[in-house]
Amino acid sequence: MQIVSQLLRLKGTEIFSVAPQDSVLHAIEVMATRHFGAPLVMGQRSLLGINFERHYARKVILENR
């Protein structure tokens with residue numbers, strides 16, 4: 001079993017994030033182009049939250065938004 005530091009070395013150090021004022025469409029575009037499923041929501045260099053693909057599937061797709 002790998003430890004977290006080993007996984008991070010494989011993953012790389014680039015962090016993908018969106019701003020709180022970004023649209024949901026923008027967040028989905030970032031996930032699609034960068035091939036990942038959970039952008040950090042960052043504000044003034046601090047973590048405000050994490051959005052997951054399943055949130056969008058449940059809230060956006062199922063509610064036809």
# chains A, B, ... in the order shown; residues from 1 in each chain; ligands from 1
>>> select_by_dssp(residues="chain A", states="helix (DSSP H, G or I)", output="number ranges by chain")
A: 4-11, 24-34, 53-61
>>> atom_distance(atom1="CA of Glu53 (chain A)", atom2="CA of Ala27 (chain A)")
9.6 Å
>>> select_by_dssp(residues="chain A", states="strand (DSSP E or B)", output="number ranges by chain")
A: 17-18, 40-43, 46-50
>>> atom_distance(atom1="CA of Phe36 (chain A)", atom2="CA of Ile50 (chain A)")
12.4 Å
>>> closest_residue(among="A:Leu8, A:Glu14, A:Pro20, A:Gly37", to="Ala57 (chain A)", atoms="only C-alpha atoms")
A:Gly37
>>> atom_distance(atom1="CA of Ala38 (chain A)", atom2="CA of Ala19 (chain A)")
13.2 Å
>>> closest_residue(among="A:Leu47, A:Val24, A:Met31, A:Leu7", to="Ile61 (chain A)", atoms="only C-alpha atoms")
A:Val24
